[in-house]
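Here is the structure we will look at.
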There are 2 protein chains.
Amino acid sequence: MSETLLSSRNLAFELYEVLDAEGLTRRERFAEHNRETFDAAIDTARSIAEQRFAPHNRKGDENEPRYENGQAILIPEVKPAVDAFLEAGFLNAARSFEAGGMQLPTLLSQACFAHFQSANAATTSYPFLTMGAANLIESFGTEEQKRRFLEPMIDGRFFGTMALTEPHAGSSLSDIRTRAEPAADGTYRLKGNKIFISGGDHPLSENIVHMVLAKLPDAPPGVKGISLFIVPKFLVNDDGSLGQRNDVLLAGLFHKMGWRGTTSTALNFGDNGECVGYLVGKPHHGLSYMFQMMNEARIGVGMGAVMLGYAGYLYSLEYARERPQGRLPDSKDPTTAPVAIIRHADVRRMLLTQKAYVEGAFDLGLYAARLFDDTTTLETEDGRKQAHELLDLLTPIVKSWPSEFCLKANELAIQILGGHGYTREYPVEQYYRDNRLNPIHEGTHGIQSLDLLGRKLAQNGGAGLKQLIRLIADTAERAQAFDALAPLREPLEKLVARLQGVTLGLLTDLAQGKVNGSLANSALYLKVFGHAVIGWRWLEQAIRAEEGLVKGNAADVDFYKGKLQAARYFLTWEVPGCHHELTVLEARDDTCLAMQDAWF
Amino acid sequence: MSETLLSSRNLAFELYEVLDAEGLTRRERFAEHNRETFDAAIDTARSIAEQRFAPHNRKGDENEPRYENGQAILIPEVKPAVDAFLEAGFLNAARSFEAGGMQLPTLLSQACFAHFQSANAATTSYPFLTMGAANLIESFGTEEQKRRFLEPMIDGRFFGTMALTEPHAGSSLSDIRTRAEPAADGTYRLKGNKIFISGGDHPLSENIVHMVLAKLPDAPPGVKGISLFIVPKFLVNDDGSLGQRNDVLLAGLFHKMGWRGTTSTALNFGDNGECVGYLVGKPHHGLSYMFQMMNEARIGVGMGAVMLGYAGYLYSLEYARERPQGRLPDSKDPTTAPVAIIRHADVRRMLLTQKAYVEGAFDLGLYAARLFDDTTTLETEDGRKQAHELLDLLTPIVKSWPSEFCLKANELAIQILGGHGYTREYPVEQYYRDNRLNPIHEGTHGIQSLDLLGRKLAQNGGAGLKQLIRLIADTAERAQAFDALAPLREPLEKLVARLQGVTLGLLTDLAQGKVNGSLANSALYLKVFGHAVIGWRWLEQAIRAEEGLVKGNAADVDFYKGKLQAARYFLTWEVPGCHHELTVLEARDDTCLAMQDAWF
């Protein structure tokens, strides 16, 4: 049977040839692991994803959650799938042994999780959200909060959500209106409305723990006046048993383009003035806490976008191999047999583009996961700090690049299937619809571009950027060992050199207060920076492929040649195209900025 | 109330300032028309589209046609809408007075039709398909066939379809298997299965006339052995009354990503050996007949893609004007009021991009419609021939460019609405889903690129291409009258000059038999050629805008400035980016062609 979730050969390439997963087992935290335990975890993930998650992916899409008597009703296949995920321990894959986890590197937990993201984005989101909420309480909660809320989450009895957006405030969280009044007993009473809360209601767990952003009465205006609260659906008694229903009302469900299996809810907090919440950490620090979680979430979102792209790529590849249609341009004789469409050059272009986007972004997502491991387990504080700086810089790319280009891959998968791809009888149109969410949630594409250009580049005196430039130069230097890589290396070096100049110019403008002009074309900057990063990762993969070819394992030759061809596509077809955007950026072109409302 | 279907100011600009619609009234065929009759037809179209078509657009999407007892059931709103369309005469807008039509120029009938395409793509497809089928019979049918089938179609009592695709043969029609055996009475008995037949069943008309491609027993292999048949759902008696049910079975419905209000059917012809068909025209000439119709259909498909883009653009523009969120980068004070998102530079970029795509393609579609009028009503045969040559060359662009870039506009509209854009509570995600069909049907994007590069360019000794180059040069020359247009004109001239060289090289390669290599990157060629054409049309619009500004009507200043800014966006942000694709084409880069199946 052909693989449908991801290429396991490619995953092994990433883990053991590119990202040195085995090197992690020499660190104390991962000392009890080895390649066998890693592979066993991956096998389990693939098996559960294939058997429990993938089979109801379409059914979940066709049968959205229903709102009945104030509750959200799901199709019956979701709970057994999530239960199997929980029983296998994936909710806590990266958590320590003592805390009930598998103590896997994040690199491996992300590699396992990728299978579920590919098989069924909607069902996977329930544990994903719970992991995010649990990590927040683990990082910033009191011991009492951990005992009461975190432990049941780790046990899989309570699930979690993130409740940020309000009807009038999405990207601009500084304007949220949900209020939290202190009560006599040290708890708070919340009042406000939240929308687009994924997993805001469902019948999968005993309780749902909402992580809610709200403002205290004495809050300063803006983002520095936002606090974080735990607001459970059911109150929890001192002995851990469930208490009364909290004043959190499911006001309704949203009906989405895709990702339909996940409830997207409107929640009313405190309609009856009795919504109990618990302050997490210090007052007014909620947004910074949330952003720590959100940075992890953004890697997860990026990987989710990759995996929807991956699923579509593999499906369209299989289809192109099996579907006969037409003949090659130089042999139009209608009495000859039609060829499989993979033999048509334009279909190959669409497949190669998908491969370049999906495997390039897959590499970056796993690279980021490994960087995350470095932030926690590198030996020196300086090493951990550096890893942090680089990860911070790369996060907007890890989130946004797959959201744009693996979505584009989904579009190409539909095109390869033609009329069939347009029907819901085939899965590729759903992959597109599911993936279309990713450039929107967890910070839109526009927000990511402002985060990169307006914040991340200059952070810590540009330490992350300097590191990235050094790493790219190091890869380019190693690429020189292979003559065949020169035509791949040179376009990257040329782009990065010019990008550095443009970056310096923009940062100088920003430092001089020319804020609106410098940031006006941030979307172009995001694209070029992303292509430089993915180009770098493809050059790195190409080096590993050349090294693999040198080893001369005959069974791997095709695999490595495919890697080299995809690298060639990305570095010679895509990377040089970015010079046009750099020209626009260099010119501080104000075409969009100068456009007036009245002129539309 | 803001306009939702298209900007009527922009339509007037196209008709009366760019395309000289009034000039057409000096031709004999249109002598009874004038600007007032044109505008009256447009007003009627807008009114019916707004009141009868737009209101059930979402309902039709949410309530797909159902298959019940061998029939397709639609929501009740479709029939009154289509009836209003028929009663107002739009089915025959371009047909002569004697034949029961309005004898409008195609330019005007297309301008009227555009309103319906914007309001409700699915419901509009029923009359659209009928118009195509009717035109086929009108062009190639016998008088008897016209009396029996065409007249009731003109009367709106019979509807039509195009039945080409079979389960194993879509893009490659030479491989169709449907057979037609001559019967003793001069009719034929058809046997075969067709899929993706839009409008293949519905309760909107007394009868459905299928235009079916099939092969006669003595047919030569390939496309030169395909014949065209009329196959009615109900046989028609000599007196015009309906006879018995023909042996055409509705085998099932397809469930699509979008365009859900249109039945997409699987039809079985001749399951019981009694499917009666009537040969149209000469045996084995069916595909060439179909292509004449298809070329008209492709303009219609292109305009359909434009109008879905237009609807999304106008909706997201209105939303951006009304939705407050965040503050400008240089004024982050949270105590100030949020600004409407149209004031954010990146939102303006997304709106301006949509405007450039939609209004550029709208101009091209109407330009093509006017060219169609020239093919039939220009005075000299030479003039008509030239119009034909140019229209033939442009047809792949008219069909494919909006299918790609107005679809991209839809993606941007979703992005502007953010989380709301992703929900079905707002219309923009449906526009995307509806529009996603357009790069697939009536010849995929890949087919269009081969048609352009492998066929149309060299046709008639390159007469169409030479004409286009002359027209672009003429526009560029007229642009020199306005200094402000120099920065818009120059990038177009540069691109077109280089494109000519690349084209010559590719045609030379083709002539030398290097077929596979020359056509391998046809998708890139299609994109660059399309951008050159749209760039030309934008420069033409910019000239008209400058001329309008000179006239000094204060009420129009904003409109013209918007035109100039969109032209600037397209010609300086988009056109220069095409040089990278030209570099790939110049190099005859074989990255995709050389990719091997086994390497994926």
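Each chain of the structure tokens is named A, B, ... in the order shown, its residues numbered from 1; ligands are numbered from 1 in display order.
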
Give the residues of chain A that lie within 7 Å of chain B; count only C-alpha atoms, and format the answer as an mmCIF file with C-alpha atoms, in the first residue's frame.
```cif
data_model
loop_
_atom_site.group_PDB
_atom_site.id
_atom_site.type_symbol
_atom_site.label_atom_id
_atom_site.label_comp_id
_atom_site.auth_asym_id
_atom_site.auth_seq_id
_atom_site.Cartn_x
_atom_site.Cartn_y
_atom_site.Cartn_z
ATOM 1 C CA ALA A 169 -11.075 42.378 18.494
ATOM 2 C CA SER A 172 -5.778 43.775 17.925
ATOM 3 C CA SER A 174 -5.276 45.329 23.099
ATOM 4 C CA PRO A 221 -4.891 50.426 28.507
ATOM 5 C CA GLY A 222 -3.519 48.273 25.733
ATOM 6 C CA PHE A 254 -19.542 28.977 13.391
ATOM 7 C CA HIS A 255 -19.793 27.196 10.043
ATOM 8 C CA LYS A 256 -16.455 27.166 8.340
ATOM 9 C CA MET A 257 -15.068 26.676 4.849
ATOM 10 C CA GLN A 325 -4.812 10.474 -20.275
ATOM 11 C CA GLY A 326 -3.559 11.711 -23.606
ATOM 12 C CA PRO A 329 3.412 16.123 -27.524
ATOM 13 C CA ASP A 330 5.768 14.273 -29.862
ATOM 14 C CA PRO A 334 -4.436 8.138 -31.247
ATOM 15 C CA THR A 335 -4.057 4.398 -31.809
ATOM 16 C CA ILE A 342 2.735 11.860 -14.529
ATOM 17 C CA ALA A 345 5.700 17.792 -18.269
ATOM 18 C CA ASP A 346 3.169 20.182 -16.763
ATOM 19 C CA ARG A 348 5.446 16.841 -13.334
ATOM 20 C CA ARG A 349 5.913 20.559 -12.757
ATOM 21 C CA LEU A 352 7.707 18.816 -8.305
ATOM 22 C CA GLN A 415 -5.533 20.747 -10.496
ATOM 23 C CA GLY A 418 -8.908 17.874 -12.671
ATOM 24 C CA GLY A 419 -12.672 17.485 -12.535
ATOM 25 C CA TYR A 422 -13.091 19.435 -7.727
ATOM 26 C CA THR A 423 -15.494 16.845 -6.324
ATOM 27 C CA ARG A 424 -15.850 15.877 -2.704
ATOM 28 C CA GLU A 425 -15.654 12.254 -3.782
ATOM 29 C CA GLU A 429 -10.478 19.775 -2.160
ATOM 30 C CA LEU A 437 -7.500 28.520 7.794
ATOM 31 C CA ILE A 440 -5.607 33.387 9.208
ATOM 32 C CA GLY A 446 -0.030 40.287 7.688
ATOM 33 C CA VAL A 515 7.660 53.394 10.493
ATOM 34 C CA ASN A 516 4.727 53.429 8.087
ATOM 35 C CA ALA A 520 4.226 49.119 4.117
ATOM 36 C CA ASP A 558 16.078 7.450 -6.624
ATOM 37 C CA PHE A 559 15.229 9.047 -3.304
ATOM 38 C CA LYS A 561 17.934 12.153 -6.976
ATOM 39 C CA GLY A 562 14.432 13.302 -6.198
ATOM 40 C CA GLN A 565 15.735 17.710 -8.347
ATOM 41 C CA TYR A 569 13.504 23.392 -8.689
ATOM 42 C CA GLY A 577 12.269 35.157 -8.752
ATOM 43 C CA HIS A 580 11.840 41.488 -8.182
ATOM 44 C CA THR A 591 2.118 52.135 -4.611
ATOM 45 C CA CYS A 592 -0.013 50.392 -1.980
ATOM 46 C CA LEU A 593 0.656 52.847 0.834
ATOM 47 C CA MET A 595 -3.587 54.217 -2.528
ATOM 48 C CA ASP A 597 -9.858 54.735 0.164
ATOM 49 C CA ALA A 598 -11.797 57.021 -2.168
ATOM 50 C CA TRP A 599 -9.911 55.769 -5.205
ATOM 51 C CA PHE A 600 -11.137 52.186 -4.910
#
```

**Request:** Could you give me the residues within segment 81-177 of chain B that DSSP places in strand (DSSP E), as an MDAnalysis selection string?
**Result:** chainID B and resid 158:163

Please dump the current selection as an mmCIF file, in the first residue's frame; keep all heavy atoms.
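The result, written out as selection.cif:
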```
data_model
loop_
_atom_site.group_PDB
_atom_site.id
_atom_site.type_symbol
_atom_site.label_atom_id
_atom_site.label_comp_id
_atom_site.auth_asym_id
_atom_site.auth_seq_id
_atom_site.Cartn_x
_atom_site.Cartn_y
_atom_site.Cartn_z
ATOM 1 N N PHE B 158 -36.970 24.581 -23.893
ATOM 2 C CA PHE B 158 -35.965 23.510 -23.811
ATOM 3 C C PHE B 158 -34.646 24.129 -23.333
ATOM 4 O O PHE B 158 -34.296 25.229 -23.756
ATOM 5 C CB PHE B 158 -35.696 22.866 -25.183
ATOM 6 C CG PHE B 158 -36.839 22.099 -25.779
ATOM 7 C CD1 PHE B 158 -38.093 22.053 -25.186
ATOM 8 C CD2 PHE B 158 -36.642 21.389 -26.970
ATOM 9 C CE1 PHE B 158 -39.141 21.339 -25.770
ATOM 10 C CE2 PHE B 158 -37.676 20.669 -27.549
ATOM 11 C CZ PHE B 158 -38.930 20.642 -26.961
ATOM 12 N N PHE B 159 -33.942 23.386 -22.480
ATOM 13 C CA PHE B 159 -32.587 23.826 -22.098
ATOM 14 C C PHE B 159 -31.557 22.890 -22.757
ATOM 15 O O PHE B 159 -31.940 21.876 -23.353
ATOM 16 C CB PHE B 159 -32.427 23.805 -20.576
ATOM 17 C CG PHE B 159 -32.978 25.044 -19.901
ATOM 18 C CD1 PHE B 159 -33.901 25.856 -20.545
ATOM 19 C CD2 PHE B 159 -32.578 25.404 -18.624
ATOM 20 C CE1 PHE B 159 -34.425 26.999 -19.930
ATOM 21 C CE2 PHE B 159 -33.090 26.537 -18.001
ATOM 22 C CZ PHE B 159 -34.001 27.333 -18.644
ATOM 23 N N GLY B 160 -30.288 23.243 -22.646
ATOM 24 C CA GLY B 160 -29.255 22.451 -23.314
ATOM 25 C C GLY B 160 -28.079 22.101 -22.417
ATOM 26 O O GLY B 160 -27.913 22.666 -21.325
ATOM 27 N N THR B 161 -27.285 21.152 -22.876
ATOM 28 C CA THR B 161 -26.018 20.788 -22.210
ATOM 29 C C THR B 161 -24.966 20.472 -23.263
ATOM 30 O O THR B 161 -25.276 20.312 -24.444
ATOM 31 C CB THR B 161 -26.131 19.513 -21.340
ATOM 32 O OG1 THR B 161 -26.123 18.359 -22.203
ATOM 33 C CG2 THR B 161 -27.381 19.501 -20.484
ATOM 34 N N MET B 162 -23.739 20.349 -22.810
ATOM 35 C CA MET B 162 -22.608 19.878 -23.614
ATOM 36 C C MET B 162 -22.131 18.582 -22.985
ATOM 37 O O MET B 162 -21.693 18.589 -21.829
ATOM 38 C CB MET B 162 -21.438 20.865 -23.522
ATOM 39 C CG MET B 162 -21.805 22.271 -23.874
ATOM 40 S SD MET B 162 -22.091 22.380 -25.634
ATOM 41 C CE MET B 162 -23.224 23.747 -25.661
ATOM 42 N N ALA B 163 -22.174 17.486 -23.729
ATOM 43 C CA ALA B 163 -21.806 16.193 -23.148
ATOM 44 C C ALA B 163 -20.541 15.677 -23.832
ATOM 45 O O ALA B 163 -20.614 15.025 -24.875
ATOM 46 C CB ALA B 163 -22.963 15.213 -23.265
#
```

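Between atom CA of Arg179 of chain A and atom CA of Phe234 of chain A the separation is 19.7 Å.
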
**Item:** Nearest-residue call for Ala93 of chain A, choices A:Ala511, A:Ile154, A:Leu366, A:Ala49, using only C-alpha atoms
**Value:**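 Looking only at the distances to Ala93 of chain A, the closest residue turns out to be A:Ile154.
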
**Polymer residues at most 9 Å from Gly89 of chain A, only C-alpha atoms, same-chain spacing of 6 or more positions, as a PyMOL selection string** = chain A and resi 100-102

Output of the above residues as a short mmCIF file (atom, residue, chain, number, x, y, z; two decimals), in the first residue's frame, restricted to N, CA and C atoms:
```
data_model
loop_
_atom_site.label_atom_id
_atom_site.label_comp_id
_atom_site.auth_asym_id
_atom_site.auth_seq_id
_atom_site.Cartn_x
_atom_site.Cartn_y
_atom_site.Cartn_z
N GLY A 100 4.52 12.10 33.86
CA GLY A 100 3.62 11.19 33.14
C GLY A 100 3.83 11.16 31.65
N GLY A 101 4.96 11.72 31.19
CA GLY A 101 5.18 11.79 29.76
C GLY A 101 6.15 10.74 29.24
N MET A 102 6.47 10.87 27.93
CA MET A 102 7.42 9.95 27.29
C MET A 102 8.82 10.54 27.27
#
```

**Item:** Gap from atom CA of Tyr431 of chain A to atom CA of Ala409 of chain A - Å, one decimal
**Value:** 9.9 Å

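Shell of Ile208 of chain A at 10 Å, with only C-alpha atoms counted and residues fewer than 6 places along the chain excluded, is Thr130, Phe149, Met153, Arg157, Phe158, Phe159, Gly160, Thr161, Gly199, Gly200, Asp201, His202, Val231, Pro232, Lys233, Phe234 and Leu235 of chain A.
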
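Proximity to Gln448 of chain A was assessed for A:Phe405, A:Phe13, A:Phe90, A:Tyr525 counting only C-alpha atoms; the smallest distance is recorded for A:Tyr525.
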
**Item:** Surrounding residues of segment 487-496 of chain A excluding itself and chain neighbours under 5 positions, 9 Å, only C-alpha atoms, as a list in words
**Value:** Ile469, Ile472, Ala473, Ala476, Ala479, Gln480, Gly501, Val528, Phe529, Ala532, Gly535, Trp536, Leu539, Ala542, Ala567, Arg568, Tyr569, Phe570, Leu571, Thr572, Val575, Pro576, Cys578, His579 and Leu582 of chain A

Residues of the last selection are to be written out with C-alpha atoms, as a PDB file, in the first residue's frame.
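Saved file again_36.pdb follows:
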```
ATOM      1  CA  ILE A 469      23.303  34.483   8.121  1.00  0.00           C
ATOM      2  CA  ILE A 472      23.403  29.901   5.712  1.00  0.00           C
ATOM      3  CA  ALA A 473      27.023  30.784   4.940  1.00  0.00           C
ATOM      4  CA  ALA A 476      26.891  27.263   1.399  1.00  0.00           C
ATOM      5  CA  ALA A 479      27.931  22.766  -0.438  1.00  0.00           C
ATOM      6  CA  GLN A 480      31.183  23.693  -2.169  1.00  0.00           C
ATOM      7  CA  GLY A 501      21.448  44.934   2.234  1.00  0.00           C
ATOM      8  CA  VAL A 528      11.596  36.872   0.242  1.00  0.00           C
ATOM      9  CA  PHE A 529      12.864  36.111   3.737  1.00  0.00           C
ATOM     10  CA  ALA A 532      15.729  32.535   1.559  1.00  0.00           C
ATOM     11  CA  GLY A 535      16.216  27.856  -0.005  1.00  0.00           C
ATOM     12  CA  TRP A 536      18.799  27.388   2.718  1.00  0.00           C
ATOM     13  CA  LEU A 539      20.575  23.438   0.012  1.00  0.00           C
ATOM     14  CA  ALA A 542      20.832  18.690  -1.205  1.00  0.00           C
ATOM     15  CA  ALA A 567      16.265  21.391  -4.508  1.00  0.00           C
ATOM     16  CA  ARG A 568      17.114  22.383  -8.059  1.00  0.00           C
ATOM     17  CA  TYR A 569      13.504  23.392  -8.689  1.00  0.00           C
ATOM     18  CA  PHE A 570      13.317  25.526  -5.585  1.00  0.00           C
ATOM     19  CA  LEU A 571      16.727  27.150  -5.864  1.00  0.00           C
ATOM     20  CA  THR A 572      16.672  27.848  -9.601  1.00  0.00           C
ATOM     21  CA  VAL A 575      14.642  31.696  -5.363  1.00  0.00           C
ATOM     22  CA  PRO A 576      15.842  33.911  -8.255  1.00  0.00           C
ATOM     23  CA  CYS A 578      12.534  36.986  -5.424  1.00  0.00           C
ATOM     24  CA  HIS A 579      14.833  39.663  -6.797  1.00  0.00           C
ATOM     25  CA  LEU A 582      13.694  43.040  -3.419  1.00  0.00           C
TER      26      LEU A 582
END
```

**Message:** Under the rule that only C-alpha atoms are counted, which of B:Lys194, B:Lys456, B:Lys79, B:Arg9 is the nearest residue to Thr265 of chain B?
**Reply:** B:Lys194

**Message:** List as number ranges by chain the protein and nucleic acid residues near Leu390 of chain A, meaning an atom at most 12 Å away when only C-alpha atoms are counted, but skip any in the same chain fewer than 2 places from it.
**Reply:** A: 367-372, 374-375, 383-388, 392-398, 456-460, 462-471, 533
